[in-house]
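**Student:** The structure file run_4.txt (compact mmCIF, C-alpha atoms) is provided below.
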```
# COMPACT_ATOMS: atom_id res chain seq x y z
CA MET A 7 5.23 6.90 -3.94
CA SER A 8 6.56 8.04 -6.98
CA SER A 9 8.75 10.85 -5.85
CA GLN A 10 7.42 12.72 -8.82
CA VAL A 11 3.98 13.82 -9.96
CA ARG A 12 2.58 11.57 -12.68
CA GLY A 13 -0.11 12.75 -15.05
CA GLY A 14 -1.27 9.39 -16.42
CA THR A 15 -2.19 5.91 -15.26
CA ARG A 16 0.38 3.15 -15.70
CA TRP A 17 -2.13 0.53 -16.86
CA LYS A 18 0.55 -2.04 -17.76
CA ARG A 19 1.23 -2.48 -14.06
CA PHE A 20 -2.37 -3.58 -13.46
CA ALA A 21 -2.45 -7.25 -14.46
CA LEU A 22 -5.68 -8.78 -15.81
CA VAL A 23 -5.02 -12.12 -14.14
CA MET A 24 -3.83 -12.71 -10.60
CA VAL A 25 -0.33 -14.10 -10.24
CA PRO A 26 -0.74 -16.36 -7.18
CA SER A 27 0.71 -15.08 -3.93
CA ILE A 28 3.27 -12.62 -5.23
CA ALA A 29 3.00 -10.44 -2.10
CA ALA A 30 0.53 -8.75 0.20
CA THR A 31 0.55 -5.63 -1.91
CA ALA A 32 1.39 -7.16 -5.26
CA ALA A 33 -0.83 -6.44 -8.27
CA VAL A 34 -4.14 -8.28 -7.88
CA GLY A 35 -5.75 -8.68 -11.27
CA VAL A 36 -9.37 -7.94 -12.07
CA GLY A 37 -11.09 -7.62 -15.44
CA LEU A 38 -11.40 -3.89 -16.06
CA ALA A 39 -14.31 -4.62 -18.37
CA GLN A 40 -16.34 -5.58 -15.29
CA GLY A 41 -16.39 -1.92 -14.28
CA ALA A 42 -14.25 0.37 -12.16
CA LEU A 43 -14.08 -0.16 -8.42
CA ALA A 44 -15.08 3.00 -6.61
CA ALA A 45 -12.66 4.48 -4.12
CA SER A 46 -13.92 5.15 -0.61
CA PHE A 47 -12.56 8.71 -0.88
CA SER A 48 -10.78 10.93 -3.38
CA VAL A 49 -7.01 10.41 -3.19
CA SER A 50 -4.55 13.27 -3.47
CA GLY A 51 -2.65 14.07 -6.65
CA GLN A 52 0.51 12.35 -5.38
CA ASP A 53 1.49 8.86 -4.40
CA PHE A 54 4.18 8.16 -1.81
CA LYS A 55 7.01 5.73 -1.10
CA VAL A 56 7.24 3.34 1.83
CA SER A 57 10.15 1.10 2.72
CA ALA A 58 10.57 -1.32 5.62
CA ASP A 59 12.89 -4.07 6.73
CA LYS A 60 9.93 -6.28 7.62
CA LEU A 61 6.11 -6.31 7.66
CA ASP A 62 4.42 -9.07 9.66
CA GLY A 63 0.66 -9.08 9.00
CA ASP A 64 -2.38 -11.07 10.22
CA ASN A 65 -5.70 -11.89 8.53
CA LEU A 66 -4.90 -10.56 5.08
CA ILE A 67 -7.56 -9.68 2.53
CA GLN A 68 -6.42 -8.52 -0.92
CA TYR A 69 -8.33 -7.50 -4.04
CA GLY A 70 -8.09 -5.13 -6.99
CA GLY A 71 -9.48 -1.63 -7.06
CA ILE A 72 -9.35 1.83 -8.55
CA ALA A 73 -8.29 4.87 -6.51
CA GLU A 74 -10.03 7.94 -7.86
CA GLY A 75 -8.70 11.48 -7.54
CA HIS A 76 -7.02 14.38 -9.36
CA ASP A 77 -3.52 15.42 -10.28
CA LEU A 78 -2.01 18.59 -8.84
CA LYS A 79 -3.58 20.64 -11.65
CA GLY A 80 -7.07 19.36 -10.86
CA ASN A 81 -7.40 16.91 -13.76
CA ALA A 82 -9.35 13.74 -12.95
CA GLN A 83 -7.27 10.57 -12.59
CA HIS A 84 -7.93 6.90 -11.91
CA HIS A 85 -5.19 4.75 -10.39
CA PRO A 86 -5.28 0.93 -10.47
CA VAL A 87 -4.35 -0.34 -7.01
CA THR A 88 -4.15 -3.45 -4.90
CA ILE A 89 -6.21 -3.00 -1.74
CA SER A 90 -4.65 -5.03 1.06
CA GLY A 91 -6.29 -5.14 4.49
CA PHE A 92 -4.88 -6.48 7.77
CA SER A 93 -6.41 -6.99 11.19
CA HIS A 94 -2.95 -6.44 12.67
CA ALA A 95 0.49 -5.61 11.25
CA GLU A 96 3.92 -4.94 12.76
CA ILE A 97 6.40 -2.97 10.67
CA THR A 98 10.12 -2.81 11.42
CA ASN A 99 12.28 0.16 10.36
CA MET A 100 9.57 1.91 8.38
CA CYS A 101 10.23 4.94 6.18
CA GLN A 102 7.62 6.99 4.32
CA SER A 103 8.50 9.81 1.94
CA LEU A 104 6.71 12.27 -0.31
CA VAL A 105 8.34 14.75 -2.70
CA THR A 106 6.19 17.87 -3.19
CA PRO A 107 6.81 20.75 -5.63
CA THR A 108 6.80 24.18 -3.97
CA PRO A 109 7.74 27.73 -5.04
CA LEU A 110 11.06 27.06 -3.26
CA GLY A 111 11.71 23.88 -5.22
CA ASN A 112 10.94 20.26 -4.45
CA ILE A 113 10.68 19.43 -0.74
CA THR A 114 10.76 15.89 0.66
CA LEU A 115 8.58 15.04 3.65
CA GLN A 116 10.22 12.03 5.29
CA LEU A 117 8.86 10.00 8.22
CA ARG A 118 10.76 7.25 10.02
CA THR A 119 9.55 4.96 12.79
CA GLY A 120 10.05 1.48 14.24
CA HIS A 121 13.82 1.76 13.93
CA LYS A 122 14.94 1.29 17.57
CA GLY A 123 13.92 -2.30 18.21
CA LYS A 124 10.20 -1.52 18.64
CA PRO A 125 8.12 -1.93 15.47
CA ALA A 126 5.30 0.31 14.32
CA VAL A 127 1.95 -1.38 15.00
CA ALA A 128 -1.20 -1.01 12.88
CA ASP A 129 -4.65 -2.47 13.56
CA ASN A 130 -7.50 -2.71 11.04
CA ILE A 131 -5.78 -0.84 8.21
CA TYR A 132 -5.92 -0.90 4.41
CA LEU A 133 -3.18 -0.11 1.88
CA ASP A 134 -3.91 1.14 -1.66
CA VAL A 135 -0.71 0.12 -3.42
CA ALA A 136 0.41 0.64 -7.01
CA GLU A 137 3.83 -1.06 -6.94
CA LEU A 138 5.69 -3.43 -4.63
CA ASP A 139 9.12 -5.06 -4.56
CA THR A 140 9.70 -7.46 -1.66
CA ASP A 141 10.43 -11.00 -0.49
CA ALA A 142 7.20 -12.65 0.69
CA GLU A 143 6.22 -15.64 2.83
CA PHE A 144 2.59 -16.72 3.22
CA LYS A 145 0.99 -19.34 5.48
CA ASN A 146 -2.56 -20.64 4.97
CA LEU A 147 -3.67 -18.51 2.02
CA ASP A 148 -6.86 -18.97 -0.01
CA ILE A 149 -6.55 -17.67 -3.59
CA GLY A 150 -9.54 -16.91 -5.80
CA VAL A 151 -12.14 -16.26 -3.10
CA ALA A 152 -15.01 -13.90 -4.00
CA VAL A 153 -14.35 -10.53 -2.40
CA GLY A 154 -17.89 -10.57 -0.97
CA ASP A 155 -17.50 -13.94 0.76
CA PRO A 156 -18.85 -13.53 4.31
CA ASN A 157 -16.06 -15.64 5.79
CA HIS A 158 -13.32 -13.06 5.20
CA LYS A 159 -11.77 -12.42 8.62
CA THR A 160 -10.85 -8.92 7.46
CA LYS A 161 -13.74 -7.36 5.56
CA PRO A 162 -13.31 -5.35 2.33
CA GLN A 163 -12.95 -1.62 2.80
CA ALA A 164 -16.29 0.18 2.48
CA GLY A 165 -17.01 1.65 -0.93
CA THR A 166 -14.23 -0.15 -2.80
CA VAL A 167 -15.96 -3.23 -4.25
CA ALA A 168 -17.63 -3.06 -7.68
CA SER A 169 -18.89 -6.66 -7.56
CA PRO A 170 -19.10 -9.02 -4.57
CA TYR A 171 -18.07 -11.82 -6.94
CA ALA A 172 -14.75 -10.24 -7.95
CA PHE A 173 -11.42 -11.96 -7.26
CA SER A 174 -9.69 -11.79 -3.89
CA GLN A 175 -7.30 -13.73 -1.72
CA ARG A 176 -7.29 -14.11 2.04
CA ALA A 177 -5.81 -15.70 5.10
CA HIS A 178 -8.21 -18.53 5.91
CA GLN A 179 -7.57 -19.27 9.59
CA ASP A 180 -6.25 -17.64 12.75
CA LYS A 181 -2.76 -19.08 12.31
CA ALA A 182 -2.42 -17.64 8.84
CA TYR A 183 0.19 -14.94 8.40
CA LEU A 184 2.14 -12.93 5.88
CA ILE A 185 5.74 -11.81 6.23
CA LEU A 186 7.32 -9.32 3.83
CA THR A 187 11.01 -8.43 4.01
CA ASN A 188 13.00 -5.73 2.21
CA VAL A 189 9.79 -3.87 1.35
CA ARG A 190 9.78 -1.14 -1.31
CA GLN A 191 6.34 0.11 -2.31
CA LYS A 192 4.48 3.00 -3.91
CA ALA A 193 1.03 3.68 -2.51
CA TRP A 194 -1.85 6.09 -2.93
CA ALA A 195 -3.41 5.72 0.53
CA THR A 196 -3.25 4.04 3.93
CA THR A 197 -6.61 4.04 5.68
CA ARG A 198 -8.31 2.59 8.74
CA ALA A 199 -11.37 0.35 8.68
CA HIS A 200 -14.63 2.30 8.56
CA PHE A 201 -16.46 -0.27 10.64
CA GLN A 202 -13.83 -0.97 13.29
CA LYS A 203 -11.39 0.94 15.42
CA GLY A 204 -8.26 1.47 13.36
CA THR A 205 -5.00 2.49 15.03
CA PHE A 206 -1.43 3.14 13.92
CA LYS A 207 1.22 3.35 16.65
CA LEU A 208 4.52 4.91 15.57
CA PRO A 209 7.30 4.57 18.19
CA ASP A 210 10.33 6.89 18.01
CA LEU A 211 8.69 8.87 15.22
CA LYS A 212 10.99 11.21 13.30
CA LEU A 213 9.58 13.63 10.72
CA ARG A 214 11.84 15.80 8.58
CA LEU A 215 11.47 18.30 5.74
CA LEU A 216 14.37 17.95 3.32
CA GLY A 217 15.39 20.01 0.31
CA GLY A 218 16.01 18.39 -3.05
CA ASP A 219 14.08 15.98 -5.25
CA GLN A 220 14.22 12.32 -6.26
CA ARG A 221 17.63 12.79 -7.89
CA HIS A 222 19.23 13.13 -4.45
CA PHE A 223 19.94 9.73 -2.95
CA ASP A 224 19.33 10.75 0.66
CA GLN A 225 15.84 12.27 0.19
CA PRO A 226 13.21 9.59 -0.68
CA CYS A 227 13.08 6.34 1.28
CA TYR A 228 14.58 4.50 -1.71
CA GLN A 229 15.60 5.09 -5.30
CA ASP A 230 13.70 3.63 -8.23
CA ILE A 231 15.43 0.75 -9.98
CA LYS A 232 14.75 0.21 -13.66
CA ASP A 233 13.51 -3.26 -14.61
```
Using structure tokens, write down the structure from this file.

**Tutor:**
Amino acid sequence: MSSQVRGGTRWKRFALVMVPSIAATAAVGVGLAQGALAASFSVSGQDFKVSADKLDGDNLIQYGGIAEGHDLKGNAQHHPVTISGFSHAEITNMCQSLVTPTPLGNITLQLRTGHKGKPAVADNIYLDVAELDTDAEFKNLDIGVAVGDPNHKTKPQAGTVASPYAFSQRAHQDKAYLILTNVRQKAWATTRAHFQKGTFKLPDLKLRLLGGDQRHFDQPCYQDIKD
């Protein structure tokens, strides 16, 4: 998330060419001239931050898209995102935070889970991610597969594909996996599959409302680091 409300789209972060295998939620490039990719729903006017010690995911599919929505004043916005789907993912020491302006000042909603030796578990989920910093390890990855290829083990999210011939990458066999460590990401949405049962199990869940904004070190899940 950005812990702040942003009024414009950061197009420079949306590469036009895929950099092979940067990470499961790294920027997948698509030619914007081919047309915008429709979002499956209208996203809120705020993105959010997620951090984790480790994400272990199975049957990855990843492709570029556009999340459509509005800012907090109701102005239309379009956000370039990487859509990453998993049939199964286990997340260790996960933190999610969102800073929201209120009449009382900025309030941070912070959620923590998977921090007592039992990871959070997600099945059939999709992440709409704008930024990611992590260390990544892939096994058995196909790069440059058409997003509409019928052999994707995890199917594209409904309503998010402009062309079935657009770029994607995928895990190509059952023993394929993805491991991310030291995850720091900003996302616009986490959603379940429309065509399958999607679950998200959060052991030892802790949710807190905290005063202060992104300038306070102990409020968001992590602080932004300038490049």

**Student:** In Å, with one decimal, what is the gap from atom CA of Leu186 of chain A to atom CA of Phe92 of chain A?

**Tutor:**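 Atom CA of Phe92 of chain A lies at a distance of 13.1 Å from atom CA of Leu186 of chain A.
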
**Student:** How close does each residue of segment 44-67 of chain A get to segment 106-109 of chain A, giving the shortest atom pair and distance in Å to one decimal for every residue with an atom at most 12 Å away, counting all atoms listed in the file, sorted by chain and residue number, as a Markdown table?

**Tutor:**
```
| residue | atom | partner | partner_atom | distance |
| --- | --- | --- | --- | --- |
| A:Ser50 | CA | A:Thr106 | CA | 11.7 |
| A:Gly51 | CA | A:Thr106 | CA | 10.2 |
| A:Gln52 | CA | A:Thr106 | CA | 8.2 |
| A:Asp53 | CA | A:Thr106 | CA | 10.2 |
| A:Phe54 | CA | A:Thr106 | CA | 10.0 |
```

**Student:** So the first atom is atom CA of His158 of chain A and the second is atom CA of Asn146 of chain A; what is the distance between them in Å, to one decimal place?

**Tutor:** 13.2 Å

**Student:** Show me, as a ChimeraX atom specification, the residues that have an atom within 8 Å of Ala136 of chain A when counting all atoms listed in the file, minus same-chain residues fewer than 6 positions from it.

**Tutor:** /A:19,33,85-88,191-194

**Student:** Would you list the contacts of Ile89 of chain A as a PyMOL selection string, taking every protein, DNA or RNA residue within 8 Å and counting all atoms listed in the file, but skipping same-chain residues closer than 4 positions in sequence?

**Tutor:** chain A and resi 31+68-71+132-135

**Student:** Tell me which of A:Ala168, A:Val127, A:Leu110, A:Leu184 sits closest to Ser90 of chain A, counting only C-alpha atoms.

**Tutor:** A:Leu184

**Student:** Using atom CA of Ala95 of chain A and atom CA of Leu117 of chain A as the two end points, give the distance in Å to one decimal.

**Tutor:** 18.0 Å

**Student:** What would the list of residues within 6 Å of (14.8, 18.6, 1.5) (file frame) look like as an mmCIF file with C-alpha atoms, keeping the file's coordinate frame, if only C-alpha atoms are what count?

**Tutor:**
```
data_model
loop_
_atom_site.group_PDB
_atom_site.id
_atom_site.type_symbol
_atom_site.label_atom_id
_atom_site.label_comp_id
_atom_site.auth_asym_id
_atom_site.auth_seq_id
_atom_site.Cartn_x
_atom_site.Cartn_y
_atom_site.Cartn_z
ATOM 1 C CA ILE A 113 10.680 19.430 -0.740
ATOM 2 C CA THR A 114 10.760 15.890 0.660
ATOM 3 C CA LEU A 215 11.470 18.300 5.740
ATOM 4 C CA LEU A 216 14.370 17.950 3.320
ATOM 5 C CA GLY A 217 15.390 20.010 0.310
ATOM 6 C CA GLY A 218 16.010 18.390 -3.050
#
```

**Student:** Nearest to Arg198 of chain A: which of A:Lys145, A:Lys212, A:His94, A:His76 is it, counting only C-alpha atoms?

**Tutor:**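 Checking each of A:Lys145, A:Lys212, A:His94, A:His76 against Arg198 of chain A, counting only C-alpha atoms, the winner is A:His94.
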
**Student:** Pick from A:Leu138, A:Ala82, A:Met100, A:Ile67: nearest to Asp230 of chain A, with all atoms listed in the file counted?

**Tutor:**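 Of the candidates, the smallest distance to Asp230 of chain A is held by A:Leu138.
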
**Student:** Of the candidates A:Cys101, A:Val49, A:Val189, A:Ala177, which shows the shortest atom-to-atom distance to Asp148 of chain A, using only C-alpha atoms?

**Tutor:** A:Ala177

**Student:** Which one is closest to Leu147 of chain A: A:His84, A:Asp64, A:His121, A:Gly75? Count all atoms listed in the file.

**Tutor:**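 Smallest distance to Leu147 of chain A is found for A:Asp64.
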
**Student:** Tell me which of A:Cys227, A:Thr166, A:Phe47, A:Thr196 sits closest to Asp59 of chain A, counting all atoms listed in the file.

**Tutor:**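 Selected residue with least distance to Asp59 of chain A: A:Cys227.
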